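Here is the file structure-v5.txt (compact mmCIF, C-alpha atoms).
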# COMPACT_ATOMS: atom_id res chain seq x y z
CA MET A 1 161.68 60.14 124.89
CA ASN A 2 158.21 59.09 123.71
CA ARG A 3 155.25 61.42 123.85
CA ALA A 4 151.64 61.02 122.87
CA VAL A 5 150.39 62.65 119.68
CA ALA A 6 150.52 66.41 120.15
CA THR A 7 147.41 68.51 119.78
CA HIS A 8 147.51 72.10 118.55
CA ASN A 9 147.66 73.52 122.08
CA SER A 10 149.86 70.85 123.66
CA PRO A 11 153.68 70.76 123.38
CA ARG A 12 154.80 69.91 119.85
CA THR A 13 158.16 69.09 118.33
CA TRP A 14 159.26 71.50 115.60
CA PHE A 15 162.06 70.80 113.15
CA LEU A 16 163.48 73.98 111.60
CA THR A 17 165.64 73.49 108.50
CA SER A 18 167.54 76.72 109.18
CA SER A 19 167.59 78.45 112.56
CA LEU A 20 170.01 81.38 112.36
CA SER A 21 167.81 84.04 110.76
CA PRO A 22 166.31 86.76 112.96
CA LEU A 23 162.87 85.37 112.12
CA ALA A 24 163.83 81.83 113.16
CA VAL A 25 165.37 83.00 116.44
CA ARG A 26 162.23 84.94 117.37
CA LEU A 27 160.06 81.99 116.40
CA ILE A 28 162.12 79.60 118.55
CA ARG A 29 161.68 81.90 121.56
CA GLN A 30 157.92 81.81 121.07
CA LEU A 31 157.92 78.03 120.74
CA LEU A 32 160.03 77.47 123.85
CA THR A 33 157.82 79.90 125.79
CA HIS A 34 154.80 77.84 124.72
CA GLY A 35 156.49 74.67 126.00
CA ASP A 36 157.28 73.20 122.58
CA TYR A 37 160.37 71.21 121.63
CA VAL A 38 162.66 72.55 118.92
CA VAL A 39 165.19 70.90 116.62
CA ALA A 40 167.27 73.75 115.23
CA CYS A 41 169.34 72.95 112.15
CA LEU A 42 172.40 75.14 111.68
CA PRO A 43 173.92 75.46 108.20
CA PRO A 44 177.72 75.06 108.69
CA HIS A 45 178.61 77.91 106.35
CA GLU A 46 176.41 80.26 108.39
CA ILE A 47 177.20 79.16 111.94
CA GLU A 48 180.82 80.16 111.29
CA HIS A 49 179.71 83.68 110.29
CA ASP A 50 179.85 85.64 113.57
CA ASP A 51 177.30 88.29 112.64
CA ARG A 52 174.86 85.77 111.20
CA SER A 53 174.97 83.46 114.21
CA SER A 54 175.16 86.09 116.98
CA GLU A 55 171.42 86.18 117.77
CA PHE A 56 171.20 82.40 117.93
CA ARG A 57 174.21 82.27 120.26
CA GLU A 58 172.45 84.76 122.53
CA LEU A 59 169.41 82.48 122.51
CA VAL A 60 171.58 79.49 123.49
CA ASN A 61 173.01 81.50 126.39
CA GLU A 62 169.47 82.33 127.51
CA CYS A 63 168.58 78.64 127.46
CA LYS A 64 171.58 77.85 129.66
CA SER A 65 170.93 80.70 132.10
CA ASN A 66 169.28 80.51 135.50
CA ARG A 67 166.51 82.90 134.54
CA LYS A 68 163.20 81.75 135.96
CA ASP A 69 161.37 82.49 132.70
CA ARG A 70 163.86 80.29 130.79
CA GLU A 71 163.51 77.24 133.02
CA GLY A 72 163.45 74.00 131.03
CA TRP A 73 164.45 75.62 127.74
CA LYS A 74 167.82 73.88 127.60
CA GLU A 75 166.17 70.44 127.69
CA ARG A 76 163.68 71.33 124.95
CA ILE A 77 166.03 72.54 122.22
CA ARG A 78 168.49 70.51 120.15
CA SER A 79 170.93 72.19 117.78
CA ILE A 80 172.23 70.15 114.85
CA ARG A 81 174.84 71.26 112.32
CA CYS A 82 173.36 70.23 109.00
CA ASP A 83 173.91 71.18 105.37
CA GLY A 84 170.54 70.76 103.69
CA ARG A 85 172.21 70.34 100.31
CA VAL A 86 173.54 66.96 101.47
CA MET A 87 170.81 64.33 101.67
CA GLY A 88 172.74 62.13 104.10
CA GLN A 89 173.04 64.97 106.60
CA CYS A 90 169.30 65.67 106.39
CA SER A 91 168.47 62.02 107.09
CA ALA A 92 170.90 61.97 110.02
CA ALA A 93 169.37 65.14 111.48
CA VAL A 94 165.85 63.71 111.29
CA ALA A 95 167.03 60.48 112.92
CA GLU A 96 168.70 62.43 115.73
CA ALA A 97 165.56 64.50 116.28
CA LYS A 98 163.43 61.40 116.56
CA HIS A 99 165.94 59.77 118.92
CA VAL A 100 166.07 62.81 121.23
CA PHE A 101 162.41 63.86 121.31
CA GLY A 102 160.63 60.70 120.17
CA ARG A 103 158.75 62.26 117.27
CA ILE A 104 158.49 65.23 114.89
CA ASP A 105 155.19 67.04 114.64
CA ILE A 106 156.05 69.98 112.38
CA LEU A 107 158.73 70.33 109.72
CA LEU A 108 159.30 74.00 108.96
CA CYS A 109 161.23 74.53 105.72
CA CYS A 110 162.51 78.07 106.20
CA THR A 111 165.88 78.16 104.42
CA SER A 112 166.24 81.12 102.07
CA GLU A 113 168.55 83.56 100.37
CA ALA A 114 167.94 86.03 97.56
CA VAL A 115 170.02 86.29 94.40
CA VAL A 116 169.52 89.74 92.84
CA GLY A 117 170.15 90.10 89.13
CA THR A 118 168.22 90.20 85.88
CA VAL A 119 168.20 87.21 83.53
CA GLU A 120 170.88 88.83 81.40
CA GLU A 121 173.02 89.86 84.38
CA LEU A 122 173.02 86.26 85.59
CA SER A 123 174.13 84.99 82.17
CA THR A 124 177.30 87.00 81.63
CA THR A 125 179.98 84.67 83.07
CA PRO A 126 180.34 81.11 84.39
CA THR A 127 180.49 82.61 87.91
CA THR A 128 177.15 84.38 87.59
CA GLN A 129 175.64 81.29 85.96
CA ASN A 130 176.67 79.34 89.07
CA LEU A 131 174.56 81.73 91.13
CA VAL A 132 171.51 80.25 89.40
CA ARG A 133 172.45 76.74 90.53
CA ASP A 134 173.27 77.98 94.02
CA GLN A 135 169.85 79.63 94.29
CA PHE A 136 168.07 76.39 93.41
CA GLU A 137 170.31 74.38 95.76
CA THR A 138 169.40 76.68 98.65
CA ILE A 139 165.70 77.31 98.11
CA PHE A 140 164.58 74.16 96.29
CA PHE A 141 166.85 71.13 96.60
CA SER A 142 167.85 71.60 100.26
CA GLN A 143 164.21 71.82 101.33
CA VAL A 144 163.24 68.86 99.17
CA ASN A 145 165.98 66.86 100.91
CA PHE A 146 164.55 67.65 104.35
CA ILE A 147 161.04 66.78 103.20
CA LYS A 148 162.15 63.44 101.76
CA ALA A 149 164.07 62.65 104.92
CA SER A 150 161.05 63.34 107.15
CA LEU A 151 158.36 61.50 105.20
CA PRO A 152 159.08 57.98 106.59
CA THR A 153 158.80 59.36 110.15
CA PHE A 154 155.53 61.16 109.42
CA ARG A 155 154.10 58.08 107.70
CA ALA A 156 155.02 55.86 110.64
CA GLN A 157 153.37 58.32 113.04
CA HIS A 158 150.38 58.65 110.70
CA THR A 159 150.49 62.37 111.39
CA GLY A 160 152.66 65.36 110.62
CA HIS A 161 152.62 68.90 109.28
CA ILE A 162 155.02 70.15 106.60
CA MET A 163 155.19 73.94 106.49
CA ILE A 164 156.98 75.82 103.73
CA LEU A 165 157.96 79.43 104.38
CA THR A 166 158.30 81.12 100.99
CA SER A 167 156.95 84.55 99.99
CA ILE A 168 154.31 86.07 97.73
CA GLY A 169 157.02 85.62 95.09
CA GLY A 170 155.28 82.26 94.73
CA HIS A 171 152.42 84.18 93.09
CA ILE A 172 154.02 87.28 91.61
CA GLY A 173 157.16 87.61 89.51
CA THR A 174 159.67 90.26 90.53
CA PRO A 175 161.92 92.07 88.03
CA GLY A 176 165.50 91.74 89.16
CA MET A 177 164.83 88.48 91.05
CA PRO A 178 163.86 85.97 88.34
CA ILE A 179 165.88 83.06 89.73
CA TYR A 180 164.64 83.60 93.27
CA THR A 181 161.10 83.61 91.90
CA ALA A 182 161.73 80.51 89.77
CA ALA A 183 163.16 78.54 92.71
CA THR A 184 160.23 79.61 94.90
CA TRP A 185 157.69 78.53 92.29
CA ALA A 186 159.50 75.20 91.91
CA LEU A 187 159.30 74.50 95.64
CA GLU A 188 155.64 75.49 95.83
CA GLY A 189 154.75 73.36 92.80
CA PHE A 190 156.55 70.42 94.37
CA CYS A 191 154.59 70.89 97.60
CA ASP A 192 151.26 71.26 95.82
CA SER A 193 151.80 67.82 94.30
CA LEU A 194 153.21 66.39 97.53
CA ALA A 195 150.09 67.41 99.46
CA TYR A 196 147.92 65.03 97.40
CA GLU A 197 150.41 62.19 97.77
CA VAL A 198 150.69 62.33 101.55
CA ALA A 199 147.10 63.22 102.48
CA PRO A 200 146.16 59.52 102.93
CA PHE A 201 148.82 59.31 105.67
CA ASN A 202 147.29 62.23 107.59
CA ILE A 203 150.24 64.45 106.66
CA LYS A 204 149.30 68.08 106.06
CA VAL A 205 151.17 70.56 103.84
CA THR A 206 150.94 74.34 104.22
CA ILE A 207 152.69 77.05 102.21
CA VAL A 208 153.10 80.28 104.18
CA GLN A 209 153.69 83.38 102.06
CA PRO A 210 154.78 86.61 103.74
CA HIS A 211 155.78 89.66 101.75
CA LYS A 212 159.06 89.33 99.83
CA GLU A 213 160.87 91.70 102.18
CA ILE A 214 160.43 89.31 105.11
CA GLN A 215 162.67 86.63 103.64
CA SER A 216 164.96 89.02 101.77
CA LEU A 217 165.79 91.17 104.79
CA THR A 218 166.31 88.27 107.20
CA ASN A 219 168.62 86.16 105.04
CA LYS A 220 171.65 86.53 102.81
CA ILE A 221 171.35 88.76 99.74
CA VAL A 222 173.64 88.07 96.79
CA PHE A 223 174.05 90.82 94.19
CA SER A 224 175.27 89.80 90.75
CA PRO A 225 177.40 92.31 88.81
CA SER A 226 175.12 94.91 87.26
CA LEU A 227 174.71 95.85 83.63
CA PRO A 228 174.15 99.52 82.73
CA HIS A 229 171.18 98.63 80.48
CA TYR A 230 169.18 97.72 83.60
CA ASP A 231 170.04 100.77 85.70
CA SER A 232 166.95 102.52 87.04
CA GLU A 233 167.86 105.51 84.86
CA ASN A 234 167.57 103.40 81.71
CA ASN A 235 164.94 100.82 82.66
CA PRO A 236 161.48 101.70 84.00
CA ALA A 237 161.02 98.33 85.77
CA PRO A 238 161.03 98.65 89.58
CA SER A 239 164.60 98.18 90.76
CA VAL A 240 164.83 95.60 93.54
CA ARG A 241 168.57 96.13 93.44
CA ASP A 242 168.15 99.82 94.30
CA MET A 243 165.55 99.18 97.01
CA LEU A 244 167.62 96.53 98.81
CA THR A 245 170.80 98.56 98.42
CA ASN A 246 169.09 101.56 100.03
CA VAL A 247 168.09 99.44 103.04
CA LEU A 248 171.59 97.98 103.41
CA ASN A 249 173.16 101.43 103.14
CA LEU A 250 171.24 102.59 106.22
CA ASN A 251 173.75 100.59 108.27
CA PRO A 252 177.45 101.43 107.78
CA GLU A 253 178.35 97.78 108.46
CA THR A 254 176.33 96.54 105.48
CA ALA A 255 176.68 99.52 103.12
CA LEU A 256 177.81 98.69 99.59
CA GLU A 257 178.70 100.25 96.29
CA PRO A 258 177.12 98.77 93.15
CA SER A 259 179.62 96.85 91.05
CA GLU A 260 179.71 95.85 87.40
CA THR A 261 182.45 93.27 88.01
CA GLU A 262 182.05 91.72 91.49
CA ILE A 263 179.50 89.51 93.23
CA ILE A 264 178.56 91.13 96.55
CA GLN A 265 177.01 89.32 99.52
CA ARG A 266 175.40 90.84 102.59
CA TYR A 267 173.38 89.78 105.62
CA PRO A 268 171.03 92.70 106.40
CA LYS A 269 171.31 94.18 109.89
CA LEU A 270 168.21 96.04 111.02
CA PRO A 271 167.69 97.55 114.48
CA PRO A 272 166.12 94.95 116.82
CA SER A 273 162.88 96.93 117.15
CA ALA A 274 162.56 97.23 113.37
CA MET A 275 163.23 93.52 112.97
CA ASP A 276 160.58 92.69 115.58
CA ARG A 277 158.01 94.67 113.59
CA LEU A 278 159.13 93.18 110.29
CA VAL A 279 158.75 89.52 111.28
CA GLY A 280 156.06 89.76 113.97
CA GLU A 281 153.09 88.89 111.74
CA THR A 282 154.91 85.94 110.18
CA VAL A 283 156.00 84.49 113.54
CA TYR A 284 152.42 84.75 114.77
CA ALA A 285 151.07 83.04 111.64
CA LEU A 286 153.53 80.16 111.93
CA THR A 287 152.71 79.49 115.57
CA ALA A 288 148.97 79.77 114.95
CA ILE A 289 148.95 77.41 111.97
CA GLY A 290 151.69 74.94 112.89
CA GLY A 291 150.21 71.62 113.96
CA HIS A 292 146.63 72.77 113.37
CA GLU A 293 144.20 69.90 112.81
CA ASN A 294 142.87 71.48 109.62
CA PRO A 295 145.53 73.92 108.36
CA PRO A 296 145.20 75.91 105.14
CA ALA A 297 147.01 74.76 102.02
CA ARG A 298 148.26 78.33 101.59
CA HIS A 299 148.34 81.28 103.91
CA ILE A 300 149.30 84.80 102.84
CA VAL A 301 150.68 86.89 105.69
CA GLY A 302 149.74 90.55 105.93
CA PHE A 303 147.27 92.86 104.24
CA GLU A 304 149.65 94.20 101.56
CA GLY A 305 150.65 90.73 100.44
CA ALA A 306 147.06 89.55 100.31
CA GLU A 307 146.03 92.58 98.23
CA ALA A 308 148.93 92.07 95.81
CA VAL A 309 147.98 88.43 95.26
CA LYS A 310 144.30 89.33 94.82
CA GLU A 311 145.27 91.84 92.14
CA LYS A 312 147.37 89.22 90.34
CA LEU A 313 144.55 86.66 90.45
CA LYS A 314 142.12 89.28 89.21
CA THR A 315 144.38 89.96 86.21
CA VAL A 316 144.67 86.25 85.46
CA THR A 317 140.88 85.84 85.60
CA GLU A 318 140.31 88.82 83.30
CA GLU A 319 142.78 87.50 80.75
CA LEU A 320 141.12 84.08 80.82
CA GLU A 321 137.79 85.70 80.05
CA ASP A 322 139.25 87.91 77.30
CA PHE A 323 140.72 84.96 75.43
CA VAL A 324 138.21 82.25 76.27
CA GLU A 325 137.16 81.90 72.60
CA ALA A 326 140.76 81.13 71.67
CA SER A 327 140.82 78.45 74.34
CA VAL A 328 137.82 76.57 72.90
CA ALA A 329 138.17 77.51 69.21
CA VAL A 330 139.92 74.25 68.35
CA ASP A 331 137.40 72.04 70.09
CA ILE A 332 137.25 69.37 67.37
CA PHE A 333 134.15 67.79 68.84
CA GLU A 334 132.14 71.05 68.92
CA SER A 335 130.91 69.83 72.26
CA GLU A 336 128.59 71.63 74.61
CA LEU A 337 131.68 72.91 76.46
CA LYS A 338 132.07 75.79 74.01
CA ASN A 339 128.47 76.85 74.45
CA GLU A 340 128.78 76.64 78.22
CA VAL A 341 131.89 78.80 78.19
CA THR A 342 130.48 81.50 75.92
CA GLN A 343 127.21 81.55 77.84
CA GLY A 344 129.18 81.96 81.06
CA LYS A 345 131.06 84.89 79.59
CA ALA A 346 127.79 86.47 78.41
CA LYS A 347 126.40 86.29 81.93
CA ALA A 348 129.58 87.85 83.32
CA GLU A 349 129.24 90.74 80.87
CA GLY A 350 125.52 91.17 81.55
CA ARG A 351 124.46 90.23 78.01
CA PRO A 352 121.52 87.94 77.18
CA GLU A 353 122.68 84.43 76.42
CA GLY A 354 123.47 84.06 72.72
CA ALA A 355 123.61 87.81 72.04
CA GLY A 356 126.70 88.71 70.07
CA ASP A 357 127.86 85.09 69.82
CA PRO A 358 128.92 83.73 66.44
CA PRO A 359 126.44 81.41 64.73
CA SER A 360 127.02 77.71 65.29
CA THR A 361 128.62 75.79 62.45
CA THR A 362 127.82 72.35 63.81
CA SER A 363 126.45 70.04 61.14
CA THR A 364 124.72 66.73 61.48

Mind converting the file's structure to structure tokens?
Amino acid sequence: MNRAVATHNSPRTWFLTSSLSPLAVRLIRQLLTHGDYVVACLPPHEIEHDDRSSEFRELVNECKSNRKDREGWKERIRSIRCDGRVMGQCSAAVAEAKHVFGRIDILLCCTSEAVVGTVEELSTTPTTQNLVRDQFETIFFSQVNFIKASLPTFRAQHTGHIMILTSIGGHIGTPGMPIYTAATWALEGFCDSLAYEVAPFNIKVTIVQPHKEIQSLTNKIVFSPSLPHYDSENNPAPSVRDMLTNVLNLNPETALEPSETEIIQRYPKLPPSAMDRLVGETVYALTAIGGHENPPARHIVGFEGAEAVKEKLKTVTEELEDFVEASVAVDIFESELKNEVTQGKAKAEGRPEGAGDPPSTTST
């Protein structure tokens, strides 16, 4: 099947690296309603989990039904079992997508899971240390594999849009989730560099950052064994472990007891109406930005997330200004850069240029 280059409002072919999350299922419905084509990758270890795959199975049944408002859906979706951690499977999935639909317009890297545990809690045993590797395999390496597999297709088309669904964890560290944050930053750093490399081929890269809860509450959560030193009673740092546990305990099917010896895994189960509200903004952002002729390099979803990132950037800027003299103190050339920097700081503080600055020691 060969189609002309898709515009933003015409049918596009989406390739989702993971399609079983509640967010992905709702996004796919929106895309099929719009008339788009969807390649839905299904991680084997998740498709066999009945609770995890139940919403996607319902979607498949809708596509096969005789409902008038679902007409044509079955022909516009392709499900592919694919383990993103295996490069060969990623390449095969991309090849199948191109064979079935003729092209790929948007690659959406949306695979995620959250490992909860402090640095020390994740260092206690070989088993907990393996959680660190697993986190990077899931969030970083699997998505890199899909990106590498898709690049030859995008280059040949001389068009394409790579979208990365992460979280504001790409800007802000979270106590109790250091490895999740590290893997997220690694993927975003990779994509920042990639964007420059592929721009000459008309390939766009966008990082979409919803609030942390969006990804955490729609994907698997893995709790490492806890250490008493980091209990909320002993440690003033905000406890992500407690917050996520409280949400899971609202549903008897996902309730858990904290453990100091066992690794606990859960897929959150929120009421459908609550899930709709949770992911609605993100689904809208993805459909609005995907395939856009001039998409943003980064997009923060939601007011709270945007405000949190602004506050972090404000802190970074203030610290740069506070220590700017230390940054230029070892300027061996005593160039004009130092004067420009100190003059800029004086203007920011409302002082006359040169007032309060140390005398120059430049000699001729």

Give me the residues of segment 252-335 of chain A that have any atom at most 12 Å from an atom of segment 127-138 of chain A; for each, the nearest atom pair and the distance in Å, rounded to one decimal. Use only C-alpha atoms, sort by chain and number, and format it as a tab-separated table.
residue	atom	partner	partner_atom	distance
A:Glu260	CA	A:Thr128	CA	11.8
A:Thr261	CA	A:Thr128	CA	10.4
A:Glu262	CA	A:Thr128	CA	9.6
A:Ile263	CA	A:Thr128	CA	8.0
A:Ile264	CA	A:Thr128	CA	11.3
A:Gln265	CA	A:Leu131	CA	11.6

Could you save the residues just selected, with C-alpha atoms, as a PDB file, in the coordinates of the input?
ATOM      1  CA  GLU A 260     179.710  95.850  87.400  1.00  0.00           C
ATOM      2  CA  THR A 261     182.450  93.270  88.010  1.00  0.00           C
ATOM      3  CA  GLU A 262     182.050  91.720  91.490  1.00  0.00           C
ATOM      4  CA  ILE A 263     179.500  89.510  93.230  1.00  0.00           C
ATOM      5  CA  ILE A 264     178.560  91.130  96.550  1.00  0.00           C
ATOM      6  CA  GLN A 265     177.010  89.320  99.520  1.00  0.00           C
TER       7      GLN A 265
END

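Using only C-alpha atoms, the protein and nucleic acid residues lying no more than 6 Å from segment 101-106 of chain A, apart from those fewer than 2 places from it along its own chain, are A:Met1, A:Asn2, A:Arg12, A:Thr13, A:Trp14, A:Ala97, A:Lys98, A:His99, A:Gly160, A:His161, A:Ile162.
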
What does the structure give for the distance between atom CA of Val39 of chain A and atom CA of Ile221 of chain A, in Å to one decimal?
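Separation of atom CA of Val39 of chain A and atom CA of Ile221 of chain A: 25.3 Å.
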
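Considering all atoms listed in the file, the residue among A:His171, A:Arg26, A:Lys312, A:His45 positioned nearest to Pro210 of chain A is A:His171.
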
Which segment 178-239 of chain A residues have any atom within 9 Å of an atom of segment 167-170 of chain A, and for each, what is the nearest pair of atoms with distance in Å to one decimal, counting all atoms listed in the file, rows sorted by chain and number, as a tab-separated table?
residue	atom	partner	partner_atom	distance
A:Tyr180	CA	A:Gly169	CA	8.1
A:Thr181	CA	A:Gly169	CA	5.6
A:Ala182	CA	A:Gly170	CA	8.3
A:Ala183	CA	A:Gly170	CA	8.9
A:Thr184	CA	A:Gly170	CA	5.6
A:Trp185	CA	A:Gly170	CA	5.1
A:Ala186	CA	A:Gly170	CA	8.7
A:Leu187	CA	A:Gly170	CA	8.8
A:Glu188	CA	A:Gly170	CA	6.9
A:Ile207	CA	A:Ser167	CA	8.9
A:Val208	CA	A:Ser167	CA	7.1
A:Gln209	CA	A:Ser167	CA	4.0
A:Pro210	CA	A:Ser167	CA	4.8
A:His211	CA	A:Ser167	CA	5.5
A:Lys212	CA	A:Ser167	CA	5.2
A:Glu213	CA	A:Ser167	CA	8.4
A:Ile214	CA	A:Ser167	CA	7.8
A:Gln215	CA	A:Ser167	CA	7.1

Please write the residues from the selection above to a file, keeping C-alpha atoms, as an mmCIF file, keeping the file's coordinate frame.
data_model
loop_
_atom_site.group_PDB
_atom_site.id
_atom_site.type_symbol
_atom_site.label_atom_id
_atom_site.label_comp_id
_atom_site.auth_asym_id
_atom_site.auth_seq_id
_atom_site.Cartn_x
_atom_site.Cartn_y
_atom_site.Cartn_z
ATOM 1 C CA TYR A 180 164.640 83.600 93.270
ATOM 2 C CA THR A 181 161.100 83.610 91.900
ATOM 3 C CA ALA A 182 161.730 80.510 89.770
ATOM 4 C CA ALA A 183 163.160 78.540 92.710
ATOM 5 C CA THR A 184 160.230 79.610 94.900
ATOM 6 C CA TRP A 185 157.690 78.530 92.290
ATOM 7 C CA ALA A 186 159.500 75.200 91.910
ATOM 8 C CA LEU A 187 159.300 74.500 95.640
ATOM 9 C CA GLU A 188 155.640 75.490 95.830
ATOM 10 C CA ILE A 207 152.690 77.050 102.210
ATOM 11 C CA VAL A 208 153.100 80.280 104.180
ATOM 12 C CA GLN A 209 153.690 83.380 102.060
ATOM 13 C CA PRO A 210 154.780 86.610 103.740
ATOM 14 C CA HIS A 211 155.780 89.660 101.750
ATOM 15 C CA LYS A 212 159.060 89.330 99.830
ATOM 16 C CA GLU A 213 160.870 91.700 102.180
ATOM 17 C CA ILE A 214 160.430 89.310 105.110
ATOM 18 C CA GLN A 215 162.670 86.630 103.640
#

Given the choices A:Val144, A:Leu256, A:Leu278, A:Ala297, which gets closest to Val205 of chain A if the distance is worked out from all atoms listed in the file?
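Of A:Val144, A:Leu256, A:Leu278, A:Ala297, the one nearest Val205 of chain A is A:Ala297, counting all atoms listed in the file.
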
When you get a chance, write out all heavy atoms for segment 266-273 of chain A, as a PDB file, keeping the file's coordinate frame.
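Output file result_23.pdb follows:
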ATOM      1  N   ARG A 266     175.652  90.148 101.340  1.00  0.00           N
ATOM      2  CA  ARG A 266     175.400  90.840 102.590  1.00  0.00           C
ATOM      3  C   ARG A 266     174.311  90.114 103.393  1.00  0.00           C
ATOM      4  O   ARG A 266     173.358  89.580 102.825  1.00  0.00           O
ATOM      5  CB  ARG A 266     174.934  92.282 102.354  1.00  0.00           C
ATOM      6  CG  ARG A 266     175.982  93.221 101.805  1.00  0.00           C
ATOM      7  CD  ARG A 266     177.037  93.582 102.833  1.00  0.00           C
ATOM      8  NE  ARG A 266     177.914  94.635 102.356  1.00  0.00           N
ATOM      9  CZ  ARG A 266     178.974  94.437 101.579  1.00  0.00           C
ATOM     10  NH1 ARG A 266     179.277  93.200 101.170  1.00  0.00           N
ATOM     11  NH2 ARG A 266     179.738  95.456 101.205  1.00  0.00           N
ATOM     12  N   TYR A 267     174.461  90.138 104.718  1.00  0.00           N
ATOM     13  CA  TYR A 267     173.380  89.780 105.620  1.00  0.00           C
ATOM     14  C   TYR A 267     172.825  91.087 106.186  1.00  0.00           C
ATOM     15  O   TYR A 267     173.544  91.815 106.876  1.00  0.00           O
ATOM     16  CB  TYR A 267     173.872  88.902 106.780  1.00  0.00           C
ATOM     17  CG  TYR A 267     174.185  87.480 106.393  1.00  0.00           C
ATOM     18  CD1 TYR A 267     175.500  87.050 106.239  1.00  0.00           C
ATOM     19  CD2 TYR A 267     173.163  86.557 106.191  1.00  0.00           C
ATOM     20  CE1 TYR A 267     175.794  85.740 105.895  1.00  0.00           C
ATOM     21  CE2 TYR A 267     173.439  85.240 105.844  1.00  0.00           C
ATOM     22  CZ  TYR A 267     174.764  84.837 105.702  1.00  0.00           C
ATOM     23  OH  TYR A 267     175.038  83.545 105.358  1.00  0.00           O
ATOM     24  N   PRO A 268     171.578  91.438 105.894  1.00  0.00           N
ATOM     25  CA  PRO A 268     171.030  92.700 106.400  1.00  0.00           C
ATOM     26  C   PRO A 268     171.069  92.761 107.926  1.00  0.00           C
ATOM     27  O   PRO A 268     170.896  91.746 108.606  1.00  0.00           O
ATOM     28  CB  PRO A 268     169.583  92.686 105.887  1.00  0.00           C
ATOM     29  CG  PRO A 268     169.611  91.764 104.709  1.00  0.00           C
ATOM     30  CD  PRO A 268     170.619  90.707 105.039  1.00  0.00           C
ATOM     31  N   LYS A 269     171.302  93.965 108.445  1.00  0.00           N
ATOM     32  CA  LYS A 269     171.310  94.180 109.890  1.00  0.00           C
ATOM     33  C   LYS A 269     170.389  95.352 110.204  1.00  0.00           C
ATOM     34  O   LYS A 269     170.766  96.505 110.028  1.00  0.00           O
ATOM     35  CB  LYS A 269     172.733  94.456 110.398  1.00  0.00           C
ATOM     36  CG  LYS A 269     173.671  93.279 110.263  1.00  0.00           C
ATOM     37  CD  LYS A 269     175.065  93.612 110.802  1.00  0.00           C
ATOM     38  CE  LYS A 269     175.037  93.787 112.306  1.00  0.00           C
ATOM     39  NZ  LYS A 269     176.399  93.981 112.863  1.00  0.00           N
ATOM     40  N   LEU A 270     169.177  95.030 110.644  1.00  0.00           N
ATOM     41  CA  LEU A 270     168.210  96.040 111.020  1.00  0.00           C
ATOM     42  C   LEU A 270     168.217  96.218 112.533  1.00  0.00           C
ATOM     43  O   LEU A 270     168.583  95.286 113.264  1.00  0.00           O
ATOM     44  CB  LEU A 270     166.806  95.657 110.564  1.00  0.00           C
ATOM     45  CG  LEU A 270     166.388  95.984 109.122  1.00  0.00           C
ATOM     46  CD1 LEU A 270     167.273  95.253 108.121  1.00  0.00           C
ATOM     47  CD2 LEU A 270     164.932  95.634 108.897  1.00  0.00           C
ATOM     48  N   PRO A 271     167.833  97.384 113.030  1.00  0.00           N
ATOM     49  CA  PRO A 271     167.690  97.550 114.480  1.00  0.00           C
ATOM     50  C   PRO A 271     166.729  96.512 115.039  1.00  0.00           C
ATOM     51  O   PRO A 271     165.753  96.145 114.372  1.00  0.00           O
ATOM     52  CB  PRO A 271     167.132  98.969 114.621  1.00  0.00           C
ATOM     53  CG  PRO A 271     167.524  99.661 113.356  1.00  0.00           C
ATOM     54  CD  PRO A 271     167.508  98.611 112.289  1.00  0.00           C
ATOM     55  N   PRO A 272     166.982  96.001 116.245  1.00  0.00           N
ATOM     56  CA  PRO A 272     166.120  94.950 116.820  1.00  0.00           C
ATOM     57  C   PRO A 272     164.639  95.305 116.807  1.00  0.00           C
ATOM     58  O   PRO A 272     163.790  94.462 116.505  1.00  0.00           O
ATOM     59  CB  PRO A 272     166.660  94.810 118.241  1.00  0.00           C
ATOM     60  CG  PRO A 272     168.093  95.209 118.137  1.00  0.00           C
ATOM     61  CD  PRO A 272     168.124  96.311 117.124  1.00  0.00           C
ATOM     62  N   SER A 273     164.301  96.550 117.124  1.00  0.00           N
ATOM     63  CA  SER A 273     162.880  96.930 117.150  1.00  0.00           C
ATOM     64  C   SER A 273     162.272  96.878 115.760  1.00  0.00           C
ATOM     65  O   SER A 273     161.118  96.444 115.587  1.00  0.00           O
ATOM     66  CB  SER A 273     162.731  98.348 117.732  1.00  0.00           C
ATOM     67  OG  SER A 273     163.477  99.289 116.961  1.00  0.00           O
TER      68      SER A 273
END
